[in-house]
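Visitor: Handing you a structure now.
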Amino acid sequence: MEVLVPPDLTQDMSLSPFGAFTVAMPQPNRHRLEISFTIPHWTAPVLEVRLPVWSPGSYLVREYARLVQEFTAVDGAEQPRSWQKVAKNCWRIAGTGTITIRYVLFANELTVRTNHGDGSHGSFLGSATFIYVPEYTHLPLTVQVLLPDPLWRVATPLPCGDEASQTYIAPDYDTLADAPFEVGLHQRHDFEVLGKQHSWVIWGQGESNLPGDRLIGDTVAIIEAEAQLFGALPYDHYWFLLLLSGDGYGGLEHRNCCSLIYPRLGFRAGDSYYKFLNLVAHEFFHTWNVKRLRPLALQQYDYDRETYTHSLWFAEGVTSYYDLVIPLRAKIYDGRYFLQRLSESITRLQTTPGRRVQSLYESSFDTWIKLYRPDANTVNSQVSYYLKGELVALLLDLWIREQTTRSPDAVGQSLDDVLRLLWQQFGVAEVGYTEADVQAAVVQVTGCDPSFFWQMYLMGTAELDYNAYLEPFGLQVQMATMAGAAPDLGIRFQTGTVVKSVLADSPAEWAGIAPGHEVLAINGLRVTAADWRDRLSDFAVGDRVEVTFFADQHLRSVPVALAAPQCDRYVIGLLPQMTPMQKQRQLEWLGEILC
């Protein structure tokens, strides 16, 4: 096997930057990004370059190289260099001296993890766009953006080295890979918080639906609440990049920036606007928790393959809990709305049979092959570390608060204190933490051993005992079933009466009904998606009905015994009577005493 010996370019600082990229989109409507990468002084006989297969913060191998086309390499005189592709995301180019590599990326996927271009903009992410030389990811790079229209502008967290040429500087490849670019016709709104600069950059039709000054004010409140938790803002300028689309939703954190995508009409109703602010609070919280305070396994990124950790429940689940807490503390909404949202999360988890099958540790570890690749059996076999992690963080926060307020003169602690301690121990220096470090921080804050909690709720699949943790705060979870709910078969539909999923151990599963089957009739009478539940309401629990359906074009009929309606709603409510201690704890947690 050939051994590649990299040249020692670090000995001559005059060669900085190591390489220079240009990004062009001369015909944006064609959804093409034209990339050029020049290394001016390569001294080894072979140059190997790679394109990442995933983006930090989004734990799925996305195979960005599948979008590469028209790959070429030339020397300083524009003469062709010989090259070959040696792996799915790896190319080898022969020769020394100046080497320029050019390739085209098809950019027509509008998400925060991929690239998109049209007549109004080009949106691209460093890890999905720029190749790297494995031995030299620590050296600086430049990116010049060639604008197809003089009215277009560039927004990126990278510092601008030359405004006239739209050239930006990355101190190393990790910084470049982490950088999103929004290039085109967008709106920009600058504002200052705690002496630091911030910018909203908004692309897409529909900005008129955004509540303008209110959005800036609420963003300021979120920033201040999170800065109060951690102590300071660890950057000079932070960017919120927002893509408005028809129905897109999501966010991706970056070191001094976040990329967001949201429905353009999703700001009119109060609940939808609040959920947008939860997304903002979530991605901004990652400024600390993930981008600087992160699991040991993610301290150094391997762009070539999966990086496994059991700690995504903390990185994402705890962040999901705080994306509800922060707007509460910022007084964007009140305690009752906060509990309503927690109730919705409890309902989603408790109606997911997979919570009994997959632990939080397993969910974190298997994210690469499961979370982002749902199938018909996902509801029965998996649990989201975002969702369950949020609720485990809730219980952990309540447990810490209760343990540290057992005497009237005790100074209460919370999950805040665990985060602050971990931030000081690991985040400030950006040294990766382990699961043992998280447990040790809880011990230091509470003086109590939380190993039972880890065994039951993180490593195991025990049901979350909500009421045991809510009772000290004067609250309880109540189960409810929709009034007049029909008996249940355990079927969830996709479109019309095509089965999307069948719940484990349900009458439908035992009868052989499976995802993809099309239900036609009950007891010989046709059913539709609109009247499905009405038809089941004609029967009682335990009745046997004949269900007729297509299975791979075969017409089948099977007898099925109807089960009881599923509990479909969990609500956090007040206890009938509250003690003074319960009221005090509720006040300290929610900022108010609910009546």
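Identifiers for the structure tokens are assigned positionally: chains receive A, B, ... in sequence, residues are indexed from 1 per chain, and ligands are indexed from 1 in the order shown.
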Run DSSP on the backbone and tell me which residues of region 254-424 of chain A come out as alpha helix (DSSP H); list them as a PyMOL selection string.
Guide: chain A and resi 270-285+312+318-329+335-350+360-365+378-381+387-403+415-422
Visitor: Extract, using only C-alpha atoms, all DNA, RNA and protein residues at most 10 Å from Thr434 (chain A), discarding same-chain residues fewer than 4 positions from it, and format them as a list in words.
Guide: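 Counting only the stated atoms, we get Arg294, Pro295, Leu296, Ala297, Thr309, His310, Ser311, Val438, Gln439 and Ala440 of chain A.
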Visitor: Which residue gives the smallest distance to Trp454 (chain A) among A:Ala44, A:Glu435, A:Leu139, A:Ala221, with only C-alpha atoms counted?
Guide: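 When distances to Trp454 (chain A) are compared using only C-alpha atoms, the smallest one comes from A:Glu435.
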Visitor: Closest to Thr307 (chain A) among A:Ser55, A:Thr495, A:Gln582, A:Thr481, using only C-alpha atoms?
Guide: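 Smallest distance to Thr307 (chain A) is found for A:Ser55.
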Visitor: Determine which residues of region 73-187 of chain A DSSP labels as strand (DSSP E) from the backbone of this structure, then write them out as a VMD selection string.
Guide: chain A and resid 73 to 74 83 to 87 90 to 94 97 to 106 116 to 118 121 to 125 141 to 146 153 to 155 160 to 162 167 to 170 180 to 184 187
Visitor: Could you state the separation of CA of Gly432 (chain A) and CA of Ala315 (chain A) in Å, given to one decimal place?
Guide: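 So the answer is 11.8 Å.
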Visitor: From the options A:Val49, A:Ile346, A:Val357, A:Leu67, which residue's atoms come nearest to Trp83 (chain A), counting only C-alpha atoms?
Guide: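 Once distances to Trp83 (chain A) are computed over only C-alpha atoms, the minimum belongs to A:Val49.
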Visitor: Pick out the residues sitting within 9 Å of Gly460 (chain A), and hand them over as a list in words; count only C-alpha atoms, and ignore anything fewer than 2 positions along from it in its own chain.
Guide: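 Surrounding residues, per the criterion: Arg356, Gln358, Ser359, Leu360, Tyr361, Trp454, Gln455, Met456, Tyr457, Leu458 and Ala462 of chain A.
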Visitor: Limited to all heavy atoms, could you put the picked residues into a file as a compact mmCIF listing (two decimals), in the first residue's frame?
Guide:
# COMPACT_ATOMS: atom_id res chain seq x y z
N ARG A 356 -40.49 1.55 25.92
CA ARG A 356 -40.29 0.34 26.73
C ARG A 356 -39.21 -0.56 26.16
O ARG A 356 -38.85 -1.56 26.76
CB ARG A 356 -41.60 -0.46 26.82
CG ARG A 356 -42.81 0.31 27.32
CD ARG A 356 -43.97 -0.64 27.54
NE ARG A 356 -45.23 0.04 27.76
CZ ARG A 356 -46.15 0.26 26.84
NH1 ARG A 356 -45.95 -0.19 25.60
NH2 ARG A 356 -47.27 0.89 27.12
N GLN A 358 -36.27 0.78 23.91
CA GLN A 358 -34.95 1.40 23.72
C GLN A 358 -34.66 2.37 24.85
O GLN A 358 -35.49 3.24 25.17
CB GLN A 358 -34.90 2.12 22.37
CG GLN A 358 -33.53 2.65 22.00
CD GLN A 358 -33.56 3.45 20.72
OE1 GLN A 358 -34.41 4.29 20.50
NE2 GLN A 358 -32.59 3.17 19.83
N SER A 359 -33.48 2.27 25.45
CA SER A 359 -33.09 3.18 26.51
C SER A 359 -32.55 4.48 25.91
O SER A 359 -32.23 4.56 24.72
CB SER A 359 -32.03 2.54 27.39
OG SER A 359 -30.79 2.45 26.69
N LEU A 360 -32.40 5.48 26.76
CA LEU A 360 -31.81 6.75 26.32
C LEU A 360 -30.37 6.54 25.86
O LEU A 360 -29.93 7.15 24.88
CB LEU A 360 -31.84 7.78 27.45
CG LEU A 360 -32.97 8.80 27.44
CD1 LEU A 360 -32.80 9.79 28.57
CD2 LEU A 360 -33.06 9.52 26.11
N TYR A 361 -29.62 5.72 26.58
CA TYR A 361 -28.24 5.42 26.17
C TYR A 361 -28.21 4.80 24.78
O TYR A 361 -27.41 5.18 23.93
CB TYR A 361 -27.60 4.47 27.17
CG TYR A 361 -26.82 5.14 28.26
CD1 TYR A 361 -27.09 6.45 28.65
CD2 TYR A 361 -25.79 4.47 28.92
CE1 TYR A 361 -26.36 7.06 29.66
CE2 TYR A 361 -25.06 5.08 29.94
CZ TYR A 361 -25.36 6.38 30.30
OH TYR A 361 -24.63 6.98 31.29
N TRP A 454 -29.73 7.13 36.97
CA TRP A 454 -29.08 6.73 35.72
C TRP A 454 -29.49 5.32 35.32
O TRP A 454 -29.79 5.05 34.16
CB TRP A 454 -27.56 6.83 35.89
CG TRP A 454 -26.96 8.02 35.22
CD1 TRP A 454 -26.19 8.02 34.08
CD2 TRP A 454 -27.06 9.40 35.61
NE1 TRP A 454 -25.82 9.30 33.76
CE2 TRP A 454 -26.34 10.17 34.67
CE3 TRP A 454 -27.70 10.05 36.66
CZ2 TRP A 454 -26.23 11.55 34.76
CZ3 TRP A 454 -27.59 11.44 36.76
CH2 TRP A 454 -26.87 12.17 35.81
N GLN A 455 -29.50 4.41 36.30
CA GLN A 455 -29.84 3.02 36.00
C GLN A 455 -31.26 2.88 35.48
O GLN A 455 -31.52 2.14 34.52
CB GLN A 455 -29.66 2.15 37.26
CG GLN A 455 -28.21 1.92 37.65
CD GLN A 455 -27.47 1.05 36.65
OE1 GLN A 455 -28.06 0.21 35.99
NE2 GLN A 455 -26.16 1.25 36.55
N MET A 456 -32.19 3.59 36.08
CA MET A 456 -33.60 3.44 35.72
C MET A 456 -33.96 4.17 34.42
O MET A 456 -34.59 3.60 33.52
CB MET A 456 -34.49 3.97 36.85
CG MET A 456 -34.46 3.14 38.11
SD MET A 456 -35.40 3.93 39.44
CE MET A 456 -37.04 3.98 38.73
N TYR A 457 -33.52 5.42 34.31
CA TYR A 457 -34.06 6.29 33.28
C TYR A 457 -33.13 6.53 32.10
O TYR A 457 -33.59 6.95 31.03
CB TYR A 457 -34.45 7.64 33.89
CG TYR A 457 -35.53 7.53 34.94
CD1 TYR A 457 -35.51 8.33 36.07
CD2 TYR A 457 -36.57 6.60 34.81
CE1 TYR A 457 -36.51 8.23 37.04
CE2 TYR A 457 -37.56 6.48 35.77
CZ TYR A 457 -37.52 7.30 36.89
OH TYR A 457 -38.50 7.20 37.84
N LEU A 458 -31.84 6.29 32.27
CA LEU A 458 -30.92 6.48 31.16
C LEU A 458 -30.44 5.15 30.58
O LEU A 458 -30.46 4.95 29.37
CB LEU A 458 -29.72 7.33 31.59
CG LEU A 458 -30.02 8.82 31.68
CD1 LEU A 458 -30.46 9.20 33.07
CD2 LEU A 458 -28.82 9.65 31.27
N ALA A 462 -37.25 1.88 32.46
CA ALA A 462 -38.32 2.03 33.45
C ALA A 462 -39.20 3.21 33.08
O ALA A 462 -38.74 4.22 32.54
CB ALA A 462 -37.71 2.25 34.83
Visitor: Which is closest to Leu587 (chain A) among A:Arg373, A:Arg329, A:Arg535, A:Arg544, if we use only C-alpha atoms?
Guide: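 For Leu587 (chain A), the nearest of the candidates is A:Arg329.
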